[in-house]
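Q: Okay, here's the structure, questions in a sec.
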Amino acid sequence: MGLDISFRKVKRTDLSYFRKVNFLVKFFNDKYPELKNCYPIDITKEDLFDLKNRCEEVLHDHTKADKLLPTQDGFFFGSVDYDDDYYKDVQDVLNAVADMLSIDLANNENIEFEIWY
């Protein structure tokens with residue numbers, strides 16, 4: 001059991017999956033205070049562009065990590081350290097977000113973000 005995070009298209013196709021990447025919870029909870037466990041929220045392309053830019057900035061300058069993509073502690077949330085694993089997660093999120101931004105969504109499709117812990 002742990003902090004499981006998914007992005008998916010409305011038709012429930014997983015676009016990416018992460019475990020214990022708790023800075024994503026903090027990032028989206030700051031944007032969507034109504035974010036709750038096991039309840040997906042619709043996110044925007046602007047959210048993805050913001051996340052992409054923050055990931056790039058943090059990877060370029062590690063001193064900005066705790067300001068742009070701070071970790072968040074919680075039950076099953078994993079490490080809150082800014083270590084090699086954190087920066088690998090930032091790179092993995094950046095790659096996934098770049099892939100999501102390249103998707104052409106149909107008029108009735110959107111991208112959802114969901115956490116489960």
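Labeling convention for the structure tokens: chains A, B, ... as they appear, residues from 1 per chain, ligands from 1 in order of appearance.
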Excluding same-chain residues fewer than 2 positions from segment 27-35 of chain A, what lies within 12 Å of it counting only C-alpha atoms, as a PDB file with C-alpha atoms, in the first residue's frame?
A:
```pdb
ATOM      1  CA  ILE A   5      -1.113   8.472  -8.624  1.00  0.00           C
ATOM      2  CA  PHE A   7      -3.354  10.497 -15.027  1.00  0.00           C
ATOM      3  CA  VAL A  21       5.782  10.932  -6.034  1.00  0.00           C
ATOM      4  CA  ASN A  22       4.271  13.129  -3.367  1.00  0.00           C
ATOM      5  CA  PHE A  23       5.241  16.480  -4.907  1.00  0.00           C
ATOM      6  CA  LEU A  24       2.460  15.802  -7.445  1.00  0.00           C
ATOM      7  CA  VAL A  25      -0.103  15.723  -4.640  1.00  0.00           C
ATOM      8  CA  ASN A  37      -8.325  10.444  -2.091  1.00  0.00           C
ATOM      9  CA  CYS A  38     -10.001   8.231  -4.750  1.00  0.00           C
ATOM     10  CA  TYR A  39     -11.833  11.110  -6.463  1.00  0.00           C
ATOM     11  CA  PRO A  40     -10.439  12.045  -9.889  1.00  0.00           C
ATOM     12  CA  ILE A  41     -10.305  15.699 -10.889  1.00  0.00           C
ATOM     13  CA  ASP A  42     -10.179  17.139 -14.385  1.00  0.00           C
ATOM     14  CA  ILE A  43      -6.977  19.035 -15.074  1.00  0.00           C
ATOM     15  CA  THR A  44      -6.158  21.491 -17.836  1.00  0.00           C
ATOM     16  CA  GLU A  46      -2.335  24.892 -18.548  1.00  0.00           C
ATOM     17  CA  ASP A  47      -1.804  22.749 -15.436  1.00  0.00           C
ATOM     18  CA  LEU A  48       0.380  20.416 -17.470  1.00  0.00           C
ATOM     19  CA  ASP A  50       2.912  24.710 -15.457  1.00  0.00           C
ATOM     20  CA  LEU A  51       4.060  21.312 -14.172  1.00  0.00           C
ATOM     21  CA  LYS A  52       6.358  20.847 -17.180  1.00  0.00           C
ATOM     22  CA  ARG A  54       8.472  23.622 -12.941  1.00  0.00           C
ATOM     23  CA  CYS A  55      10.062  20.237 -13.622  1.00  0.00           C
ATOM     24  CA  ALA A  65      13.034  22.223  -5.718  1.00  0.00           C
ATOM     25  CA  ASP A  66      11.544  23.101  -2.329  1.00  0.00           C
ATOM     26  CA  LYS A  67       9.900  26.227  -3.772  1.00  0.00           C
ATOM     27  CA  LEU A  68       8.611  24.982  -7.151  1.00  0.00           C
ATOM     28  CA  LEU A  69       7.859  21.282  -6.444  1.00  0.00           C
ATOM     29  CA  PRO A  70       7.941  20.819  -2.685  1.00  0.00           C
ATOM     30  CA  THR A  71       7.528  17.370  -1.225  1.00  0.00           C
ATOM     31  CA  GLN A  72       4.622  16.606   1.067  1.00  0.00           C
ATOM     32  CA  GLU A 112      -7.910  13.372 -15.019  1.00  0.00           C
ATOM     33  CA  PHE A 113      -5.602  13.256 -12.021  1.00  0.00           C
ATOM     34  CA  GLU A 114      -6.319  10.811  -9.213  1.00  0.00           C
ATOM     35  CA  ILE A 115      -4.580   9.738  -6.039  1.00  0.00           C
ATOM     36  CA  TRP A 116      -5.164   6.584  -4.046  1.00  0.00           C
TER      37      TRP A 116
END
```
Q: Would you please give, as number ranges by chain, all residues of segment 80-110 of chain A that DSSP assigns to helix (DSSP H, G or I) based on the backbone?
A: A: 84-101
Q: Could you tell me how far atom CA of Asp99 of chain A lies from atom CA of Leu15 of chain A, in Å and to one decimal?
A: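 Going from atom CA of Asp99 of chain A over to atom CA of Leu15 of chain A covers 8.5 Å.
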Q: Return the single residue from A:Asn95, A:Asn53, A:Asn107, A:Ser6 that is closest to Lys20 of chain A, with distances computed using only C-alpha atoms.
A: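 Closest to Lys20 of chain A of all the choices is A:Ser6.
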Q: Determine which residues of chain A receive a DSSP assignment of strand (DSSP E or B), computed from the backbone, and state them as an MDAnalysis selection string.
A: chainID A and resid 4:9 13:19 36 39 41:43 111:116
Q: Export N, CA, C and O atoms of the chosen residues as a tab-separated table (two decimals), in the first residue's frame?
A:
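Once written, out.tsv looks like this:
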```tsv
chain	number	residue	atom	x	y	z
A	4	ASP	N	-0.47	6.05	-4.62
A	4	ASP	CA	-0.58	5.73	-6.04
A	4	ASP	C	-1.22	6.92	-6.75
A	4	ASP	O	-2.21	7.47	-6.28
A	5	ILE	N	-0.68	7.28	-7.90
A	5	ILE	CA	-1.11	8.47	-8.62
A	5	ILE	C	-1.31	8.11	-10.08
A	5	ILE	O	-0.46	7.46	-10.68
A	6	SER	N	-2.44	8.55	-10.67
A	6	SER	CA	-2.72	8.25	-12.07
A	6	SER	C	-3.16	9.49	-12.82
A	6	SER	O	-3.84	10.35	-12.27
A	7	PHE	N	-2.79	9.57	-14.07
A	7	PHE	CA	-3.35	10.50	-15.03
A	7	PHE	C	-4.04	9.62	-16.06
A	7	PHE	O	-3.47	8.63	-16.50
A	8	ARG	N	-5.27	9.97	-16.48
A	8	ARG	CA	-5.91	9.18	-17.51
A	8	ARG	C	-6.86	10.03	-18.34
A	8	ARG	O	-7.30	11.08	-17.90
A	9	LYS	N	-7.11	9.55	-19.53
A	9	LYS	CA	-8.12	10.20	-20.36
A	9	LYS	C	-9.48	9.77	-19.84
A	9	LYS	O	-9.61	8.77	-19.15
A	13	THR	N	-8.26	5.43	-19.82
A	13	THR	CA	-7.00	4.93	-20.34
A	13	THR	C	-5.88	5.58	-19.55
A	13	THR	O	-5.74	6.80	-19.58
A	14	ASP	N	-5.11	4.79	-18.83
A	14	ASP	CA	-4.01	5.37	-18.07
A	14	ASP	C	-2.98	5.98	-19.01
A	14	ASP	O	-2.56	5.34	-19.97
A	15	LEU	N	-2.60	7.21	-18.71
A	15	LEU	CA	-1.56	7.89	-19.49
A	15	LEU	C	-0.22	7.78	-18.80
A	15	LEU	O	0.81	7.74	-19.46
A	16	SER	N	-0.23	7.76	-17.49
A	16	SER	CA	1.00	7.56	-16.72
A	16	SER	C	0.61	7.12	-15.31
A	16	SER	O	-0.52	7.30	-14.88
A	17	TYR	N	1.59	6.56	-14.63
A	17	TYR	CA	1.36	6.04	-13.29
A	17	TYR	C	2.61	6.27	-12.46
A	17	TYR	O	3.73	6.04	-12.95
A	18	PHE	N	2.43	6.75	-11.24
A	18	PHE	CA	3.56	7.00	-10.35
A	18	PHE	C	3.24	6.47	-8.96
A	18	PHE	O	2.09	6.44	-8.55
A	19	ARG	N	4.28	6.05	-8.26
A	19	ARG	CA	4.14	5.63	-6.86
A	19	ARG	C	4.99	6.54	-5.98
A	19	ARG	O	6.17	6.73	-6.25
A	36	LYS	N	-9.23	15.01	-3.35
A	36	LYS	CA	-9.45	14.03	-2.30
A	36	LYS	C	-9.01	12.66	-2.78
A	36	LYS	O	-9.00	12.37	-3.97
A	39	TYR	N	-10.91	10.32	-5.67
A	39	TYR	CA	-11.83	11.11	-6.46
A	39	TYR	C	-11.05	11.83	-7.56
A	39	TYR	O	-10.32	12.78	-7.28
A	41	ILE	N	-9.97	14.32	-10.51
A	41	ILE	CA	-10.30	15.70	-10.89
A	41	ILE	C	-9.85	15.92	-12.32
A	41	ILE	O	-8.87	15.35	-12.77
A	42	ASP	N	-10.58	16.74	-13.04
A	42	ASP	CA	-10.18	17.14	-14.39
A	42	ASP	C	-9.09	18.20	-14.27
A	42	ASP	O	-9.20	19.13	-13.48
A	43	ILE	N	-8.04	18.03	-15.05
A	43	ILE	CA	-6.98	19.03	-15.07
A	43	ILE	C	-6.90	19.64	-16.47
A	43	ILE	O	-7.41	19.08	-17.43
A	111	ILE	N	-8.24	15.14	-19.38
A	111	ILE	CA	-7.26	14.40	-18.59
A	111	ILE	C	-7.63	14.53	-17.12
A	111	ILE	O	-7.95	15.62	-16.65
A	112	GLU	N	-7.60	13.40	-16.44
A	112	GLU	CA	-7.91	13.37	-15.02
A	112	GLU	C	-6.65	13.07	-14.22
A	112	GLU	O	-5.74	12.40	-14.70
A	113	PHE	N	-6.65	13.55	-12.99
A	113	PHE	CA	-5.60	13.26	-12.02
A	113	PHE	C	-6.28	12.61	-10.83
A	113	PHE	O	-7.31	13.10	-10.36
A	114	GLU	N	-5.71	11.51	-10.35
A	114	GLU	CA	-6.32	10.81	-9.21
A	114	GLU	C	-5.22	10.26	-8.31
A	114	GLU	O	-4.21	9.77	-8.78
A	115	ILE	N	-5.47	10.35	-7.02
A	115	ILE	CA	-4.58	9.74	-6.04
A	115	ILE	C	-5.33	8.64	-5.30
A	115	ILE	O	-6.56	8.68	-5.19
A	116	TRP	N	-4.59	7.65	-4.84
A	116	TRP	CA	-5.16	6.58	-4.05
A	116	TRP	C	-4.15	6.18	-2.99
A	116	TRP	O	-3.01	5.86	-3.31
```
Q: Between atom CA of Asp83 of chain A and atom CA of Tyr117 of chain A, what distance in Å does the model show, to one decimal?
A: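 Distance between the two atoms: 22.9 Å.
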Q: Choose the residue, out of A:Ala106, A:Leu101, A:Leu3, A:Leu59, that has the smallest atom-to-atom separation from Asp84 of chain A; count only C-alpha atoms.
A: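 Of A:Ala106, A:Leu101, A:Leu3, A:Leu59, the one nearest Asp84 of chain A, counting only C-alpha atoms, is A:Leu59.
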Q: Mind pulling up the distance from atom CA of Val58 of chain A to atom CA of Tyr86 of chain A?
A: 10.5 Å
